[in-house]
Structures are given as C-alpha cells and as structure tokens.
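See below for protein28.pdb, which holds PDB, C-alpha atoms and all ligand atoms.
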ATOM      1  CA  MET E   1     -11.466 -28.297  -6.607
ATOM      2  CA  PHE E   2     -10.133 -25.124  -8.224
ATOM      3  CA  ALA E   3      -9.554 -26.257 -11.788
ATOM      4  CA  MET E   4      -8.555 -23.712 -14.403
ATOM      5  CA  ASP E   5     -11.339 -22.523 -16.656
ATOM      6  CA  LYS E   6     -11.203 -23.509 -20.284
ATOM      7  CA  PRO E   7      -9.191 -20.755 -22.050
ATOM      8  CA  SER E   8     -11.512 -18.517 -24.052
ATOM      9  CA  ARG E   9     -11.302 -18.215 -27.846
ATOM     10  CA  ASP E  10     -10.003 -14.669 -27.716
ATOM     11  CA  ARG E  11      -6.814 -15.899 -26.067
ATOM     12  CA  PHE E  12      -5.874 -17.678 -29.308
ATOM     13  CA  ILE E  13      -4.144 -16.007 -32.250
ATOM     14  CA  TRP E  14      -3.911 -17.939 -35.527
ATOM     15  CA  PRO E  15      -0.709 -17.471 -37.567
ATOM     16  CA  VAL E  16      -1.593 -17.393 -41.272
ATOM     17  CA  PHE E  17       0.741 -17.675 -44.270
ATOM     18  CA  LEU E  18      -0.276 -15.574 -47.244
ATOM     19  CA  VAL E  19       0.716 -16.033 -50.884
ATOM     20  CA  GLU E  20       0.143 -13.936 -53.946
ATOM     21  CA  GLY E  21      -2.413 -14.652 -56.663
ATOM     22  CA  GLU E  22      -5.969 -15.956 -56.453
ATOM     23  CA  GLY E  23      -7.726 -19.182 -55.573
ATOM     24  CA  ARG E  24      -4.706 -20.644 -53.819
ATOM     25  CA  LYS E  25      -4.853 -22.907 -50.758
ATOM     26  CA  GLU E  26      -1.743 -25.061 -50.556
ATOM     27  CA  GLU E  27      -1.178 -27.465 -47.703
ATOM     28  CA  ILE E  28       2.206 -27.109 -46.028
ATOM     29  CA  PRO E  29       3.667 -30.642 -46.051
ATOM     30  CA  SER E  30       5.451 -30.340 -42.686
ATOM     31  CA  MET E  31       2.397 -28.756 -40.995
ATOM     32  CA  PRO E  32      -0.704 -30.944 -41.511
ATOM     33  CA  GLY E  33      -3.881 -28.850 -41.483
ATOM     34  CA  GLN E  34      -2.046 -25.576 -42.257
ATOM     35  CA  PHE E  35      -2.048 -23.885 -45.647
ATOM     36  CA  ARG E  36      -0.608 -21.045 -47.656
ATOM     37  CA  TRP E  37      -3.566 -18.880 -48.612
ATOM     38  CA  SER E  38      -4.215 -16.318 -51.277
ATOM     39  CA  VAL E  39      -6.204 -13.426 -49.826
ATOM     40  CA  ASP E  40      -9.474 -14.283 -51.620
ATOM     41  CA  ARG E  41      -9.416 -17.939 -50.559
ATOM     42  CA  LEU E  42      -8.587 -17.060 -46.942
ATOM     43  CA  VAL E  43     -11.581 -14.726 -46.745
ATOM     44  CA  ALA E  44     -13.857 -17.286 -48.448
ATOM     45  CA  GLU E  45     -12.874 -20.190 -46.161
ATOM     46  CA  PHE E  46     -12.022 -18.346 -42.982
ATOM     47  CA  PRO E  47     -12.539 -20.726 -40.018
ATOM     48  CA  GLN E  48     -15.453 -19.839 -37.785
ATOM     49  CA  GLY E  49     -14.656 -18.922 -34.223
ATOM     50  CA  VAL E  50     -11.157 -17.564 -34.879
ATOM     51  CA  LYS E  51     -10.937 -14.166 -33.140
ATOM     52  CA  ASN E  52      -7.361 -13.081 -33.872
ATOM     53  CA  VAL E  53      -4.882 -13.641 -36.678
ATOM     54  CA  LEU E  54      -1.178 -12.950 -37.152
ATOM     55  CA  LEU E  55      -0.418 -12.530 -40.851
ATOM     56  CA  PHE E  56       2.843 -13.580 -42.504
ATOM     57  CA  GLY E  57       3.563 -12.324 -45.997
ATOM     58  CA  GLN E  58       6.001 -13.233 -48.691
ATOM     59  CA  THR E  59       6.621 -12.267 -52.264
ATOM     60  CA  GLU E  60       7.108 -14.234 -55.431
ATOM     61  CA  GLY E  61       8.225 -11.057 -57.157
ATOM     62  CA  GLU E  62      11.544  -9.293 -57.020
ATOM     63  CA  LYS E  63      13.562  -9.820 -53.823
ATOM     64  CA  ASP E  64      16.381  -7.387 -53.109
ATOM     65  CA  GLU E  65      19.108  -6.747 -50.552
ATOM     66  CA  ILE E  66      16.900  -4.656 -48.215
ATOM     67  CA  GLY E  67      13.559  -6.428 -48.732
ATOM     68  CA  SER E  68      11.780  -3.388 -50.266
ATOM     69  CA  ALA E  69       8.754  -5.439 -51.310
ATOM     70  CA  ALA E  70       7.837  -5.902 -47.626
ATOM     71  CA  ALA E  71       6.670  -2.263 -47.466
ATOM     72  CA  ASP E  72       4.693  -2.359 -50.742
ATOM     73  CA  MET E  73       1.071  -1.242 -50.217
ATOM     74  CA  GLY E  74       0.133  -3.774 -52.926
ATOM     75  CA  GLY E  75       1.757  -6.649 -51.007
ATOM     76  CA  VAL E  76      -0.240  -9.617 -49.730
ATOM     77  CA  VAL E  77      -0.289  -8.469 -46.114
ATOM     78  CA  GLN E  78      -1.300  -4.913 -46.991
ATOM     79  CA  ARG E  79      -4.128  -6.298 -49.181
ATOM     80  CA  ALA E  80      -5.262  -8.971 -46.729
ATOM     81  CA  ILE E  81      -5.824  -6.590 -43.806
ATOM     82  CA  PRO E  82      -8.660  -4.529 -45.348
ATOM     83  CA  ALA E  83     -10.154  -7.618 -47.053
ATOM     84  CA  LEU E  84     -10.397  -9.475 -43.722
ATOM     85  CA  LYS E  85     -11.683  -6.387 -41.911
ATOM     86  CA  ARG E  86     -14.420  -5.878 -44.487
ATOM     87  CA  ALA E  87     -15.566  -9.488 -44.236
ATOM     88  CA  PHE E  88     -15.120  -9.855 -40.453
ATOM     89  CA  PRO E  89     -15.326  -6.450 -38.740
ATOM     90  CA  ASP E  90     -14.665  -7.921 -35.277
ATOM     91  CA  LEU E  91     -11.581  -9.891 -36.272
ATOM     92  CA  VAL E  92      -8.373  -8.622 -34.658
ATOM     93  CA  VAL E  93      -5.611  -8.517 -37.256
ATOM     94  CA  PHE E  94      -1.970  -8.538 -36.215
ATOM     95  CA  THR E  95       0.912  -8.647 -38.675
ATOM     96  CA  ASP E  96       4.410 -10.021 -38.549
ATOM     97  CA  VAL E  97       6.964  -7.370 -39.467
ATOM     98  CA  CYS E  98      10.169  -8.783 -40.892
ATOM     99  CA  LEU E  99      12.245  -8.719 -44.046
ATOM    100  CA  CYS E 100      13.522 -12.292 -44.391
ATOM    101  CA  ALA E 101      10.734 -13.419 -46.755
ATOM    102  CA  TYR E 102      11.505 -10.401 -48.958
ATOM    103  CA  THR E 103      15.319 -10.245 -49.054
ATOM    104  CA  CYS E 104      17.296 -12.046 -51.758
ATOM    105  CA  HIS E 105      19.537 -13.637 -49.066
ATOM    106  CA  GLY E 106      16.816 -14.604 -46.559
ATOM    107  CA  HIS E 107      18.261 -12.658 -43.629
ATOM    108  CA  CYS E 108      16.139 -10.339 -41.487
ATOM    109  CA  GLY E 109      18.075  -7.239 -42.520
ATOM    110  CA  PRO E 110      20.435  -5.933 -45.204
ATOM    111  CA  HIS E 111      24.211  -6.407 -45.047
ATOM    112  CA  ASP E 112      26.805  -3.707 -44.436
ATOM    113  CA  PRO E 113      29.979  -3.479 -46.572
ATOM    114  CA  GLU E 114      31.732  -5.966 -44.226
ATOM    115  CA  GLY E 115      29.007  -8.541 -44.851
ATOM    116  CA  ASP E 116      27.445  -8.280 -41.383
ATOM    117  CA  ILE E 117      23.772  -7.480 -40.833
ATOM    118  CA  ASP E 118      23.351  -3.690 -40.826
ATOM    119  CA  ASN E 119      21.263  -3.218 -37.698
ATOM    120  CA  ASP E 120      20.326   0.434 -38.236
ATOM    121  CA  ALA E 121      19.399  -0.002 -41.880
ATOM    122  CA  ALA E 122      17.257  -2.972 -40.858
ATOM    123  CA  CYS E 123      15.433  -0.889 -38.213
ATOM    124  CA  GLU E 124      14.725   1.856 -40.733
ATOM    125  CA  MET E 125      13.266  -0.658 -43.183
ATOM    126  CA  LEU E 126      11.263  -2.467 -40.473
ATOM    127  CA  ALA E 127       9.726   0.880 -39.472
ATOM    128  CA  ARG E 128       8.611   1.450 -43.077
ATOM    129  CA  VAL E 129       7.014  -2.004 -43.157
ATOM    130  CA  ALA E 130       5.211  -1.444 -39.838
ATOM    131  CA  VAL E 131       3.851   1.907 -41.034
ATOM    132  CA  SER E 132       2.553   0.284 -44.248
ATOM    133  CA  HIS E 133       0.706  -2.350 -42.203
ATOM    134  CA  ALA E 134      -0.732   0.317 -39.890
ATOM    135  CA  ARG E 135      -1.917   2.327 -42.913
ATOM    136  CA  ALA E 136      -3.633  -0.800 -44.214
ATOM    137  CA  GLY E 137      -5.541  -1.038 -40.920
ATOM    138  CA  ALA E 138      -3.631  -3.565 -38.796
ATOM    139  CA  ASP E 139      -4.668  -3.685 -35.135
ATOM    140  CA  GLY E 140      -1.138  -4.585 -34.134
ATOM    141  CA  VAL E 141       2.308  -4.995 -35.656
ATOM    142  CA  ALA E 142       4.797  -7.558 -34.411
ATOM    143  CA  PRO E 143       8.422  -7.027 -35.458
ATOM    144  CA  SER E 144      10.262 -10.347 -35.362
ATOM    145  CA  ALA E 145      13.679  -9.402 -36.742
ATOM    146  CA  MET E 146      15.384  -9.109 -33.330
ATOM    147  CA  MET E 147      17.358  -6.011 -34.360
ATOM    148  CA  ASP E 148      18.599  -3.769 -31.536
ATOM    149  CA  GLY E 149      16.387  -0.706 -31.222
ATOM    150  CA  GLN E 150      13.665  -1.971 -33.579
ATOM    151  CA  ILE E 151      10.888  -1.270 -31.076
ATOM    152  CA  ALA E 152      12.012   2.320 -30.521
ATOM    153  CA  ALA E 153      12.419   2.871 -34.279
ATOM    154  CA  ILE E 154       8.938   1.530 -35.051
ATOM    155  CA  ARG E 155       7.329   3.406 -32.146
ATOM    156  CA  ALA E 156       8.863   6.653 -33.448
ATOM    157  CA  ALA E 157       7.731   5.936 -37.015
ATOM    158  CA  LEU E 158       4.170   5.108 -35.909
ATOM    159  CA  ASP E 159       4.062   8.283 -33.791
ATOM    160  CA  GLU E 160       5.300  10.343 -36.713
ATOM    161  CA  GLU E 161       2.578   8.784 -38.867
ATOM    162  CA  GLY E 162       0.007   9.805 -36.229
ATOM    163  CA  VAL E 163      -0.891   6.164 -35.588
ATOM    164  CA  THR E 164      -2.022   5.757 -32.003
ATOM    165  CA  LYS E 165      -4.304   2.722 -32.098
ATOM    166  CA  THR E 166      -1.924   0.160 -33.586
ATOM    167  CA  LEU E 167      -0.413  -2.029 -30.887
ATOM    168  CA  LEU E 168       3.296  -2.704 -30.989
ATOM    169  CA  ILE E 169       3.928  -6.328 -30.072
ATOM    170  CA  SER E 170       7.505  -7.313 -29.456
ATOM    171  CA  TYR E 171       8.994 -10.768 -30.049
ATOM    172  CA  SER E 172      10.984  -9.696 -27.028
ATOM    173  CA  THR E 173      12.322 -13.013 -25.755
ATOM    174  CA  LYS E 174      13.031 -15.080 -28.855
ATOM    175  CA  PHE E 175      15.416 -17.984 -28.884
ATOM    176  CA  ALA E 176      17.397 -19.513 -31.705
ATOM    177  CA  SER E 177      15.569 -22.834 -31.854
ATOM    178  CA  THR E 178      15.390 -26.115 -33.698
ATOM    179  CA  MET E 179      11.602 -25.735 -33.565
ATOM    180  CA  TYR E 180      11.270 -23.294 -36.498
ATOM    181  CA  GLY E 181      11.897 -25.794 -39.307
ATOM    182  CA  PRO E 182       8.323 -26.304 -40.562
ATOM    183  CA  PHE E 183       7.740 -22.526 -40.508
ATOM    184  CA  ARG E 184      10.682 -21.960 -42.846
ATOM    185  CA  ASP E 185       9.166 -24.583 -45.087
ATOM    186  CA  ALA E 186       5.910 -22.579 -45.031
ATOM    187  CA  GLU E 187       7.526 -19.208 -45.632
ATOM    188  CA  ASN E 188      10.368 -20.362 -47.896
ATOM    189  CA  SER E 189      12.533 -18.162 -45.709
ATOM    190  CA  ALA E 190      15.554 -20.222 -44.660
ATOM    191  CA  PRO E 191      18.663 -18.050 -45.047
ATOM    192  CA  SER E 192      20.594 -19.042 -48.172
ATOM    193  CA  LYS E 193      23.834 -18.809 -46.205
ATOM    194  CA  GLY E 194      24.660 -18.464 -42.518
ATOM    195  CA  ASP E 195      22.044 -18.557 -39.766
ATOM    196  CA  ARG E 196      20.197 -16.213 -37.452
ATOM    197  CA  GLN E 197      21.993 -17.210 -34.247
ATOM    198  CA  GLY E 198      23.695 -13.796 -34.274
ATOM    199  CA  TYR E 199      20.450 -12.003 -33.503
ATOM    200  CA  GLN E 200      18.412 -14.611 -31.641
ATOM    201  CA  ALA E 201      19.086 -15.509 -28.020
ATOM    202  CA  SER E 202      20.792 -18.704 -26.929
ATOM    203  CA  TYR E 203      18.735 -21.083 -24.815
ATOM    204  CA  ARG E 204      21.803 -21.412 -22.609
ATOM    205  CA  ASP E 205      21.624 -17.705 -21.777
ATOM    206  CA  PRO E 206      18.124 -17.055 -20.419
ATOM    207  CA  ASP E 207      19.108 -13.855 -18.604
ATOM    208  CA  THR E 208      20.047 -12.079 -21.821
ATOM    209  CA  ALA E 209      16.762 -13.167 -23.351
ATOM    210  CA  LEU E 210      14.860 -11.857 -20.329
ATOM    211  CA  ARG E 211      16.704  -8.545 -20.524
ATOM    212  CA  GLU E 212      15.491  -8.142 -24.106
ATOM    213  CA  SER E 213      11.927  -8.112 -22.806
ATOM    214  CA  VAL E 214      12.772  -5.446 -20.216
ATOM    215  CA  VAL E 215      14.470  -3.286 -22.870
ATOM    216  CA  ASP E 216      11.554  -3.656 -25.296
ATOM    217  CA  GLU E 217       9.090  -2.591 -22.620
ATOM    218  CA  GLU E 218      11.212   0.516 -22.019
ATOM    219  CA  GLU E 219      11.336   1.203 -25.762
ATOM    220  CA  GLY E 220       7.543   1.335 -25.882
ATOM    221  CA  ALA E 221       6.221  -2.146 -26.653
ATOM    222  CA  ASP E 222       2.523  -2.695 -25.833
ATOM    223  CA  ALA E 223       2.885  -6.459 -25.458
ATOM    224  CA  LEU E 224       5.801  -8.851 -24.991
ATOM    225  CA  MET E 225       6.322 -12.313 -26.405
ATOM    226  CA  VAL E 226       8.210 -15.475 -25.607
ATOM    227  CA  LYS E 227       9.087 -17.722 -28.567
ATOM    228  CA  PRO E 228       9.064 -20.740 -28.698
ATOM    229  CA  ALA E 229       6.612 -21.601 -25.918
ATOM    230  CA  LEU E 230       6.790 -25.205 -24.737
ATOM    231  CA  TRP E 231      10.487 -25.592 -23.963
ATOM    232  CA  TYR E 232      10.510 -22.038 -22.541
ATOM    233  CA  LEU E 233       7.650 -22.158 -20.038
ATOM    234  CA  ASP E 234      10.031 -20.976 -17.306
ATOM    235  CA  LEU E 235      10.721 -17.849 -19.356
ATOM    236  CA  ILE E 236       7.008 -17.168 -19.926
ATOM    237  CA  SER E 237       6.604 -17.330 -16.177
ATOM    238  CA  LYS E 238       9.594 -15.056 -15.526
ATOM    239  CA  VAL E 239       8.545 -12.436 -18.085
ATOM    240  CA  ARG E 240       5.014 -12.555 -16.636
ATOM    241  CA  SER E 241       6.305 -11.811 -13.154
ATOM    242  CA  ARG E 242       8.338  -8.823 -14.363
ATOM    243  CA  THR E 243       5.759  -6.932 -16.414
ATOM    244  CA  LEU E 244       2.196  -5.683 -16.369
ATOM    245  CA  LEU E 245       2.031  -5.826 -20.166
ATOM    246  CA  PRO E 246       0.268  -8.731 -21.890
ATOM    247  CA  VAL E 247       2.622 -11.672 -22.447
ATOM    248  CA  MET E 248       2.092 -13.624 -25.626
ATOM    249  CA  ALA E 249       3.624 -17.045 -26.186
ATOM    250  CA  TYR E 250       4.346 -18.323 -29.683
ATOM    251  CA  ASN E 251       3.523 -22.029 -29.832
ATOM    252  CA  VAL E 252       5.766 -22.459 -32.875
ATOM    253  CA  SER E 253       5.560 -24.674 -35.938
ATOM    254  CA  GLY E 254       7.836 -27.433 -34.629
ATOM    255  CA  GLU E 255       5.789 -27.708 -31.438
ATOM    256  CA  TYR E 256       2.639 -28.153 -33.522
ATOM    257  CA  SER E 257       4.172 -30.557 -36.032
ATOM    258  CA  MET E 258       5.762 -32.745 -33.329
ATOM    259  CA  ILE E 259       2.350 -33.479 -31.825
ATOM    260  CA  GLN E 260       0.863 -33.999 -35.298
ATOM    261  CA  ALA E 261       3.635 -36.473 -36.161
ATOM    262  CA  ALA E 262       3.439 -38.305 -32.838
ATOM    263  CA  ALA E 263      -0.331 -38.662 -33.159
ATOM    264  CA  LYS E 264       0.003 -39.917 -36.719
ATOM    265  CA  ALA E 265       2.492 -42.541 -35.534
ATOM    266  CA  GLY E 266       0.061 -43.618 -32.826
ATOM    267  CA  TYR E 267       2.221 -42.376 -29.912
ATOM    268  CA  CYS E 268      -0.445 -40.033 -28.503
ATOM    269  CA  ASP E 269      -3.964 -38.766 -29.190
ATOM    270  CA  LEU E 270      -3.916 -35.597 -31.264
ATOM    271  CA  TYR E 271      -6.385 -33.244 -29.623
ATOM    272  CA  PRO E 272      -5.843 -34.326 -25.992
ATOM    273  CA  ALA E 273      -2.081 -33.845 -26.468
ATOM    274  CA  ALA E 274      -2.661 -30.432 -28.035
ATOM    275  CA  ARG E 275      -4.973 -29.490 -25.161
ATOM    276  CA  GLU E 276      -2.438 -30.540 -22.521
ATOM    277  CA  SER E 277       0.317 -28.504 -24.180
ATOM    278  CA  LEU E 278      -1.907 -25.415 -24.476
ATOM    279  CA  TYR E 279      -2.914 -25.603 -20.801
ATOM    280  CA  ALA E 280       0.785 -25.725 -19.939
ATOM    281  CA  ILE E 281       1.392 -22.481 -21.811
ATOM    282  CA  PHE E 282      -1.499 -20.701 -20.080
ATOM    283  CA  ARG E 283      -0.502 -22.163 -16.700
ATOM    284  CA  ALA E 284       2.963 -20.672 -17.181
ATOM    285  CA  GLY E 285       1.315 -17.262 -17.397
ATOM    286  CA  ALA E 286       0.726 -16.469 -21.062
ATOM    287  CA  THR E 287      -2.026 -13.921 -21.647
ATOM    288  CA  GLN E 288      -2.526 -15.126 -25.221
ATOM    289  CA  VAL E 289      -1.059 -17.894 -27.315
ATOM    290  CA  ILE E 290      -0.117 -17.613 -30.978
ATOM    291  CA  SER E 291      -0.889 -21.129 -32.130
ATOM    292  CA  TYR E 292      -1.555 -23.221 -35.224
ATOM    293  CA  TRP E 293      -4.114 -25.086 -33.117
ATOM    294  CA  THR E 294      -6.396 -22.015 -33.114
ATOM    295  CA  PRO E 295      -8.754 -23.185 -35.916
ATOM    296  CA  PHE E 296      -9.158 -26.522 -34.082
ATOM    297  CA  TYR E 297     -10.426 -24.936 -30.865
ATOM    298  CA  ASP E 298     -13.741 -26.824 -30.983
ATOM    299  CA  GLU E 299     -12.093 -30.227 -31.383
ATOM    300  CA  ILE E 300      -9.459 -29.509 -28.739
ATOM    301  CA  PHE E 301     -11.787 -28.135 -26.055
ATOM    302  CA  LYS E 302     -14.934 -30.056 -26.868
ATOM    303  CA  ASP E 303     -15.940 -31.179 -23.362
TER     304      ASP E 303
HETATM  305 ZN    ZN Y 401      12.997 -12.491 -40.194
END
Since I need it in another form, could you write the structure as structure tokens?
Amino acid sequence: MFAMDKPSRDRFIWPVFLVEGEGRKEEIPSMPGQFRWSVDRLVAEFPQGVKNVLLFGQTEGEKDEIGSAAADMGGVVQRAIPALKRAFPDLVVFTDVCLCAYTCHGHCGPHDPEGDIDNDAACEMLARVAVSHARAGADGVAPSAMMDGQIAAIRAALDEEGVTKTLLISYSTKFASTMYGPFRDAENSAPSKGDRQGYQASYRDPDTALRESVVDEEEGADALMVKPALWYLDLISKVRSRTLLPVMAYNVSGEYSMIQAAAKAGYCDLYPAARESLYAIFRAGATQVISYWTPFYDEIFKD
C-alpha cells in the first residue's frame, strides 16, 4: 500500500483579506469562517499552525482611475507585512498585486482614451505596487492582473530596486470563472461595468492558458499558478509536467463556499469533503495550495 502522505502544513497558503482601521474582524457572509481583518486584529488572533499567507488589500479612501492607493506605503498590505513579521518571524508573507480593489471602476488596470484597458500603463502601476510590497518586507509578490508583460515589468522593477530575495509568483494560468463570486464579495471588487473576460483565459481554450505559464516562466517568474484549482486539475498536471518551477494552485472562494454550503445543507460532511478536494489538488501535482481551508488544517487532517 503506497498511500500518499498527509500534506504538510507548509504546503498551505492562507489568503487573507485586510481592511483599514482597528479592531475589525468582519465575517464574509458568502464565505463562512473567513473574515476581513484589520491589521491589529489579524496579528492578535492569528491562527496557530498557519505557515504562509497571501495578503489582499483594499482601500476605503480615495479610488482613482489608475489605483494609486495600491502603492501607498501606508496602505493595509504595506502595514500588515512588517506587523506580521514582527509577531511571527517564521511566517512566509506573500502579497497579491493588483489594482482592481483600488480603481474607481474596479478593473485591474486604467483605461486608454478608447475606453479599453491600457495594458502598458497597468504594468507600470503593478510594478510600483510590487516594489512597495517588497520594500515593506514581503517574501513574495503575486501579480494577478493578467496584463501582458506584467511579469517582465515587475522583474525589471524589482531588479532596479535591488530586490533579490522577493519571489515573483505568477497567476500564470488563470481562467475567467464563475467560482470567484464570494471573493468579490470579500474584496468589494466586482467591476462596476464590463467584466474581466478580456484578460482572463477561457476554459474552452486550455492551450492559450498553458502558453501563459510558459511565457511567464520565460519572463522570470519564480513560481507558476493555476486558478481555479478543482475544475482545472488537468491544467495543474499539465503545467507541472512542463516546468521545474513550483506550481501553486488557487483553491478559490467558490470552491470553498460550495463545500461549506453543501455541508450546511446536509449533502456532505464538511471536513472530509474538504480533505478529499485538497488531496485531489495535490495529486494533480500542485506544490502548494492557496486555500481558505488553511486555518482548519487540524480539523481536516486530524487522523
Ligand atoms: Zn484585479
């Protein structure tokens, strides 16, 4: 009997939603057990046993066309990194790098005069955000905007800044998906008009999505990612077989909330169902999983 070992804790990365202010811990209605945290409250109640986090910021202040607030050294992400590092020196802190929670229109980049997303202006802004996170001490930055050339632009900006230790994690194979709904609820980041299909891959076109991973590796990514995970296990496996880089899989909000809802309705048992889905992701070849289940590791893998 050659059963897989239980996946170790360091293969789990917990996505965390940050909010401004103090003393805040607000449950996200569509994601039971997940909260929006102010920095102080997150540090005070940080779940034991979590080894890695992926931080998502937002602003309640001024939002503009280019999302300037995303690069503010006083922003929630830039403040959370050193606060977490001080409290938990061994914690690995990754950050999401995007603009959609900071732009007035909710898109991942500014518009050009024709009203289309201005790819190059977006890359320039994303590079500024990544550098601000690196300066704050992030172990890795993960640009999620899906702009062409964003990896190369950020790599160049980090090099120019003299940053060599910050990993560059690419959301390299990211599909337009129905599974992001609860996340947008958490981040208040649904576009006010239009959608993001223009810069996310179609699930009917897996080859294009795979090519994005190859391109991002060439542009200097240190790790690749497939998002979502569960309906894209074939793609995790294919990316895995084409690279020697770590392959992360993002077990997205909808995948988490579906199991939560089914368990609540009595259609399955919560933790066994979560465990089965997580084994599937590792079996497909993921090196690490970015998952909302991370703080529930003990309950999920208790035997
Ligand atoms: Zn975005």
Ligand ZN 401 (chain Y) neighbours within 6 Å using all atoms listed in the file, as a list in words: Cys98, Leu99, Cys100, Cys108, Ser144 and Ala145 of chain E
For Pro82 in chain E, the nearest of the candidates E:Arg9, E:Arg242, E:Arg135, E:Arg283, counting only C-alpha atoms: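 Closest candidate: E:Arg135.
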Residue among E:Gly57, E:Gly23, E:Pro7, E:Gly254 lying closest to Arg275 in chain E, counting all atoms listed in the file: E:Pro7
Selected residue, from E:Gly75, E:Pro113, E:Pro182, E:Gly285, that lies nearest to Gln260 in chain E when counting only C-alpha atoms: E:Pro182
Residues in the PyMOL selection byres (((chain E and resi 34) around 10) and not hetatm), expressed as a ChimeraX atom specification: /E:15-17,25-33,35-37,186,253,292-293,295
Dump of C-alpha atoms for the selected residues, as a compact mmCIF listing (two decimals), in the coordinates of the input:
# COMPACT_ATOMS: atom_id res chain seq x y z
CA PRO E 15 -0.71 -17.47 -37.57
CA VAL E 16 -1.59 -17.39 -41.27
CA PHE E 17 0.74 -17.68 -44.27
CA LYS E 25 -4.85 -22.91 -50.76
CA GLU E 26 -1.74 -25.06 -50.56
CA GLU E 27 -1.18 -27.46 -47.70
CA ILE E 28 2.21 -27.11 -46.03
CA PRO E 29 3.67 -30.64 -46.05
CA SER E 30 5.45 -30.34 -42.69
CA MET E 31 2.40 -28.76 -41.00
CA PRO E 32 -0.70 -30.94 -41.51
CA GLY E 33 -3.88 -28.85 -41.48
CA PHE E 35 -2.05 -23.88 -45.65
CA ARG E 36 -0.61 -21.04 -47.66
CA TRP E 37 -3.57 -18.88 -48.61
CA ALA E 186 5.91 -22.58 -45.03
CA SER E 253 5.56 -24.67 -35.94
CA TYR E 292 -1.56 -23.22 -35.22
CA TRP E 293 -4.11 -25.09 -33.12
CA PRO E 295 -8.75 -23.18 -35.92
Evaluating the PyMOL selection byres (((chain E and resi 173) around 6) and not hetatm) on the displayed file yields which residues, as a short mmCIF file (atom, residue, chain, number, x, y, z; two decimals) with C-alpha atoms, in the frame of the given file?
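Dumped to expr.cif:
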data_model
loop_
_atom_site.label_atom_id
_atom_site.label_comp_id
_atom_site.auth_asym_id
_atom_site.auth_seq_id
_atom_site.Cartn_x
_atom_site.Cartn_y
_atom_site.Cartn_z
CA TYR E 171 8.99 -10.77 -30.05
CA SER E 172 10.98 -9.70 -27.03
CA LYS E 174 13.03 -15.08 -28.86
CA ALA E 209 16.76 -13.17 -23.35
CA SER E 213 11.93 -8.11 -22.81
CA VAL E 226 8.21 -15.48 -25.61
#
Coordinates-based distance that separates CA of Val247 in chain E from CA of Leu167 in chain E (Å, one decimal):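 If I compute the distance from CA of Leu167 in chain E to CA of Val247 in chain E, I get 13.2 Å.
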Pairwise distance for CA of Ala221 in chain E and CA of Ile81 in chain E, rounded to one decimal in Å: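 Spanning CA of Ala221 in chain E to CA of Ile81 in chain E is a straight-line distance of 21.4 Å.
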Target residues per the PyMOL selection byres (((chain E and resi 265-271) around 12) and not hetatm), formatted as a VMD selection string: chain E and resid 32 256 to 264 272 to 278 293 to 294 296 to 303
Deliver the residues from the most recent selection as a file, using C-alpha atoms, as a PDB file, in the frame of the given file.
ATOM      1  CA  PRO E  32      -0.704 -30.944 -41.511  1.00  0.00           C
ATOM      2  CA  TYR E 256       2.639 -28.153 -33.522  1.00  0.00           C
ATOM      3  CA  SER E 257       4.172 -30.557 -36.032  1.00  0.00           C
ATOM      4  CA  MET E 258       5.762 -32.745 -33.329  1.00  0.00           C
ATOM      5  CA  ILE E 259       2.350 -33.479 -31.825  1.00  0.00           C
ATOM      6  CA  GLN E 260       0.863 -33.999 -35.298  1.00  0.00           C
ATOM      7  CA  ALA E 261       3.635 -36.473 -36.161  1.00  0.00           C
ATOM      8  CA  ALA E 262       3.439 -38.305 -32.838  1.00  0.00           C
ATOM      9  CA  ALA E 263      -0.331 -38.662 -33.159  1.00  0.00           C
ATOM     10  CA  LYS E 264       0.003 -39.917 -36.719  1.00  0.00           C
ATOM     11  CA  PRO E 272      -5.843 -34.326 -25.992  1.00  0.00           C
ATOM     12  CA  ALA E 273      -2.081 -33.845 -26.468  1.00  0.00           C
ATOM     13  CA  ALA E 274      -2.661 -30.432 -28.035  1.00  0.00           C
ATOM     14  CA  ARG E 275      -4.973 -29.490 -25.161  1.00  0.00           C
ATOM     15  CA  GLU E 276      -2.438 -30.540 -22.521  1.00  0.00           C
ATOM     16  CA  SER E 277       0.317 -28.504 -24.180  1.00  0.00           C
ATOM     17  CA  LEU E 278      -1.907 -25.415 -24.476  1.00  0.00           C
ATOM     18  CA  TRP E 293      -4.114 -25.086 -33.117  1.00  0.00           C
ATOM     19  CA  THR E 294      -6.396 -22.015 -33.114  1.00  0.00           C
ATOM     20  CA  PHE E 296      -9.158 -26.522 -34.082  1.00  0.00           C
ATOM     21  CA  TYR E 297     -10.426 -24.936 -30.865  1.00  0.00           C
ATOM     22  CA  ASP E 298     -13.741 -26.824 -30.983  1.00  0.00           C
ATOM     23  CA  GLU E 299     -12.093 -30.227 -31.383  1.00  0.00           C
ATOM     24  CA  ILE E 300      -9.459 -29.509 -28.739  1.00  0.00           C
ATOM     25  CA  PHE E 301     -11.787 -28.135 -26.055  1.00  0.00           C
ATOM     26  CA  LYS E 302     -14.934 -30.056 -26.868  1.00  0.00           C
ATOM     27  CA  ASP E 303     -15.940 -31.179 -23.362  1.00  0.00           C
TER      28      ASP E 303
END
Separation of CA of Asp207 in chain E from CA of Ser170 in chain E, in Å and rounded to one decimal: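 That distance, rounded to one decimal, is 17.2 Å.
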Neighbours of point (21.4, -3.6, -45.0) within 7 Å, using only C-alpha atoms, written as a list in words: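 Result, sorted by chain then residue number: Glu65, Ile66, Gly109, Pro110, His111, Asp112, Ile117, Asp118, Ala121 and Ala122 of chain E.
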